[in-house]
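target27.pdb (PDB, C-alpha atoms, pLDDT in the B column)
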MODEL        1
ATOM      1  CA  MET A   1      63.437 205.141 221.302  1.00 90.00           C
ATOM      2  CA  PRO A   2      64.494 201.541 220.569  1.00 91.00           C
ATOM      3  CA  ILE A   3      67.292 202.860 218.355  1.00 93.00           C
ATOM      4  CA  PHE A   4      68.524 205.242 221.043  1.00 93.00           C
ATOM      5  CA  ARG A   5      68.218 202.647 223.787  1.00 92.00           C
ATOM      6  CA  ALA A   6      70.298 200.255 221.663  1.00 93.00           C
ATOM      7  CA  GLY A   7      73.147 202.764 221.809  1.00 92.00           C
ATOM      8  CA  HIS A   8      72.650 204.503 218.478  1.00 92.00           C
ATOM      9  CA  VAL A   9      71.762 208.127 217.714  1.00 93.00           C
ATOM     10  CA  PRO A  10      68.738 208.321 215.399  1.00 93.00           C
ATOM     11  CA  VAL A  11      68.702 211.390 213.158  1.00 93.00           C
ATOM     12  CA  ILE A  12      66.298 212.403 210.415  1.00 90.00           C
ATOM     13  CA  GLY A  13      67.519 214.893 207.826  1.00 90.00           C
ATOM     14  CA  GLU A  14      64.273 216.853 208.107  1.00 91.00           C
ATOM     15  CA  TRP A  15      65.128 217.731 211.706  1.00 93.00           C
ATOM     16  CA  LEU A  16      68.122 219.665 210.420  1.00 94.00           C
ATOM     17  CA  ALA A  17      66.755 220.811 207.078  1.00 95.00           C
ATOM     18  CA  LEU A  18      63.406 222.331 208.038  1.00 95.00           C
ATOM     19  CA  PRO A  19      64.755 225.133 210.275  1.00 96.00           C
ATOM     20  CA  LEU A  20      67.285 226.047 207.572  1.00 96.00           C
ATOM     21  CA  VAL A  21      64.659 225.906 204.827  1.00 96.00           C
ATOM     22  CA  HIS A  22      62.492 228.262 206.871  1.00 96.00           C
ATOM     23  CA  SER A  23      65.442 230.557 207.598  1.00 96.00           C
ATOM     24  CA  ALA A  24      66.299 230.652 203.882  1.00 96.00           C
ATOM     25  CA  GLY A  25      62.804 231.986 203.148  1.00 96.00           C
ATOM     26  CA  SER A  26      61.226 228.936 201.559  1.00 96.00           C
ATOM     27  CA  GLN A  27      57.503 229.368 200.977  1.00 96.00           C
ATOM     28  CA  ARG A  28      56.659 225.890 199.680  1.00 96.00           C
ATOM     29  CA  VAL A  29      58.069 222.469 198.962  1.00 94.00           C
ATOM     30  CA  GLY A  30      60.036 222.603 195.733  1.00 94.00           C
ATOM     31  CA  ASP A  31      60.880 226.305 195.674  1.00 96.00           C
ATOM     32  CA  ASP A  32      64.515 227.375 195.233  1.00 96.00           C
ATOM     33  CA  PRO A  33      65.429 227.691 198.935  1.00 96.00           C
ATOM     34  CA  PHE A  34      63.813 224.319 199.666  1.00 96.00           C
ATOM     35  CA  ASN A  35      65.654 222.586 196.829  1.00 95.00           C
ATOM     36  CA  GLU A  36      68.940 224.195 197.839  1.00 95.00           C
ATOM     37  CA  ILE A  37      68.739 222.723 201.350  1.00 96.00           C
ATOM     38  CA  PHE A  38      66.284 219.866 201.892  1.00 93.00           C
ATOM     39  CA  HIS A  39      67.825 216.865 200.109  1.00 90.00           C
ATOM     40  CA  PRO A  40      71.401 218.169 200.060  1.00 94.00           C
ATOM     41  CA  ILE A  41      71.487 218.373 203.861  1.00 94.00           C
ATOM     42  CA  ALA A  42      70.258 214.787 204.115  1.00 92.00           C
ATOM     43  CA  ILE A  43      73.046 213.668 201.777  1.00 93.00           C
ATOM     44  CA  ARG A  44      75.653 215.560 203.830  1.00 94.00           C
ATOM     45  CA  LEU A  45      74.244 213.929 206.942  1.00 94.00           C
ATOM     46  CA  LEU A  46      74.565 210.472 205.380  1.00 95.00           C
ATOM     47  CA  GLU A  47      78.286 211.113 204.964  1.00 94.00           C
ATOM     48  CA  LYS A  48      78.487 211.127 208.790  1.00 95.00           C
ATOM     49  CA  CYS A  49      76.236 208.108 209.407  1.00 94.00           C
ATOM     50  CA  ASP A  50      76.820 204.388 209.798  1.00 94.00           C
ATOM     51  CA  ALA A  51      73.489 203.171 208.447  1.00 96.00           C
ATOM     52  CA  VAL A  52      70.128 204.030 206.912  1.00 96.00           C
ATOM     53  CA  LEU A  53      66.760 202.832 208.199  1.00 96.00           C
ATOM     54  CA  ARG A  54      64.256 202.917 205.318  1.00 95.00           C
ATOM     55  CA  VAL A  55      60.694 202.905 206.630  1.00 91.00           C
ATOM     56  CA  GLY A  56      57.301 203.937 205.366  1.00 88.00           C
ATOM     57  CA  GLY A  57      55.709 203.810 201.982  1.00 92.00           C
ATOM     58  CA  PRO A  58      56.638 205.139 198.585  1.00 93.00           C
ATOM     59  CA  SER A  59      59.034 208.081 198.689  1.00 90.00           C
ATOM     60  CA  ALA A  60      61.413 209.183 195.964  1.00 90.00           C
ATOM     61  CA  GLY A  61      63.408 211.126 198.550  1.00 88.00           C
ATOM     62  CA  ALA A  62      63.779 208.141 200.883  1.00 91.00           C
ATOM     63  CA  ASP A  63      64.709 205.925 197.941  1.00 94.00           C
ATOM     64  CA  GLU A  64      67.385 208.457 196.983  1.00 92.00           C
ATOM     65  CA  MET A  65      68.794 208.371 200.525  1.00 93.00           C
ATOM     66  CA  VAL A  66      69.011 204.569 200.307  1.00 96.00           C
ATOM     67  CA  ARG A  67      70.781 204.863 196.951  1.00 96.00           C
ATOM     68  CA  VAL A  68      73.286 207.374 198.350  1.00 96.00           C
ATOM     69  CA  GLY A  69      73.732 205.278 201.493  1.00 96.00           C
ATOM     70  CA  ARG A  70      74.594 202.250 199.360  1.00 97.00           C
ATOM     71  CA  GLN A  71      77.084 204.338 197.370  1.00 97.00           C
ATOM     72  CA  LEU A  72      78.711 205.346 200.641  1.00 97.00           C
ATOM     73  CA  GLY A  73      78.865 201.711 201.769  1.00 97.00           C
ATOM     74  CA  LEU A  74      76.397 202.175 204.635  1.00 97.00           C
ATOM     75  CA  GLU A  75      74.303 199.408 206.127  1.00 96.00           C
ATOM     76  CA  ILE A  76      70.700 199.637 204.873  1.00 97.00           C
ATOM     77  CA  TYR A  77      67.962 198.400 207.210  1.00 97.00           C
ATOM     78  CA  SER A  78      64.262 198.054 206.501  1.00 95.00           C
ATOM     79  CA  SER A  79      63.033 197.338 210.032  1.00 93.00           C
ATOM     80  CA  LEU A  80      64.014 198.070 213.616  1.00 93.00           C
ATOM     81  CA  GLU A  81      64.617 194.378 214.222  1.00 93.00           C
ATOM     82  CA  GLU A  82      67.516 194.438 211.739  1.00 94.00           C
ATOM     83  CA  ILE A  83      69.410 197.144 213.656  1.00 94.00           C
ATOM     84  CA  PRO A  84      72.015 195.758 216.075  1.00 91.00           C
ATOM     85  CA  GLY A  85      70.657 195.841 219.603  1.00 91.00           C
ATOM     86  CA  CYS A  86      67.104 196.754 218.635  1.00 89.00           C
ATOM     87  CA  SER A  87      65.502 193.320 218.168  1.00 77.00           C
ATOM     88  CA  GLU A  88      65.305 192.554 221.868  1.00 59.00           C
ATOM     89  CA  ARG A  89      63.961 196.043 222.560  1.00 49.00           C
ATOM     90  CA  THR A  90      60.994 196.067 220.172  1.00 48.00           C
ATOM     91  CA  GLY A  91      58.970 193.273 221.762  1.00 48.00           C
ATOM     92  CA  ALA A  92      56.413 193.423 224.559  1.00 41.00           C
ATOM     93  CA  GLY A  93      57.336 195.850 227.301  1.00 42.00           C
ATOM     94  CA  ALA A  94      59.671 197.933 225.113  1.00 42.00           C
ATOM     95  CA  ARG A  95      59.225 201.645 225.432  1.00 41.00           C
TER      96      ARG A  95
ENDMDL
END

Hey, can you dump this file as structure tokens for me?
Amino acid sequence: MPIFRAGHVPVIGEWLALPLVHSAGSQRVGDDPFNEIFHPIAIRLLEKCDAVLRVGGPSAGADEMVRVGRQLGLEIYSSLEEIPGCSERTGAGAR
């Protein structure tokens, strides 16, 4: 919510990929339909984005999105506080 309230539109590639992966008949992570869609859709999405927020622990997929984001010249953030407009919205009382 802090990202949205700061005037940005947060999007996670999984939100778009998972329905397509299911529709394509994927049965498990790493099968052919999954590999055809999951990471490629995130890369296509990055081509429409202004920035990447890298959060969480170890993830080869997330690291790949950061790498692609850098190639595309996107801003790379590692915390909400780094995102323009979010720092004042993450403190006490923020929803």

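As for CA of Ser59 (chain A) and CA of Gly85 (chain A), they are spaced 26.9 Å apart.
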
Which one is closest to Glu82 (chain A): A:Ala51, A:Val66, A:Gly25, A:Leu46? Count only C-alpha atoms.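 So, comparing all the options, the nearest one is A:Ala51.
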
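Nearest to Ile83 (chain A) of all the residues A:Ile37, A:Gly7, A:Ala24, A:Met65 is A:Gly7, counting all atoms listed in the file.
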
Within 7 Å of region 71-80 of chain A using all atoms listed in the file, minus same-chain residues under 5 positions, as a PyMOL selection string: chain A and resi 50-55+66+86-87

Calculated over all atoms listed in the file, which of the candidates A:Cys49, A:Val29, A:Ala6, A:Val11 has the smallest distance to Gly69 (chain A)?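 Residue with the minimum atom-to-atom distance to Gly69 (chain A): A:Cys49.
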
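Distances to Ile41 (chain A) were evaluated for A:Met1, A:Val9, A:Leu20, A:Ala62 using only C-alpha atoms, and the minimum falls at A:Leu20.
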
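CA of Glu81 (chain A) sits 28.7 Å away from CA of Leu18 (chain A).
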
So how many Å separate CA of Pro84 (chain A) and CA of Gly61 (chain A), to one decimal?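 Interatomic distance, CA of Pro84 (chain A) to CA of Gly61 (chain A): 24.8 Å.
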
Using the file's own x, y and z axes, what box holds all listed atoms of region 63-73 of chain A with 6 Å on each side, keeping edges along x, y and z, and what are its centre and edge lengths in Å to one decimal, as lines of an AutoDock Vina configuration file?
center_x = 71.8
center_y = 205.1
center_z = 199.4
size_x = 26.2
size_y = 18.7
size_z = 16.8

Using all atoms listed in the file, the shortest atom-to-atom distance to Ile43 (chain A) among A:Asp31, A:Ser23, A:Asp63, A:Val68 belongs to A:Val68
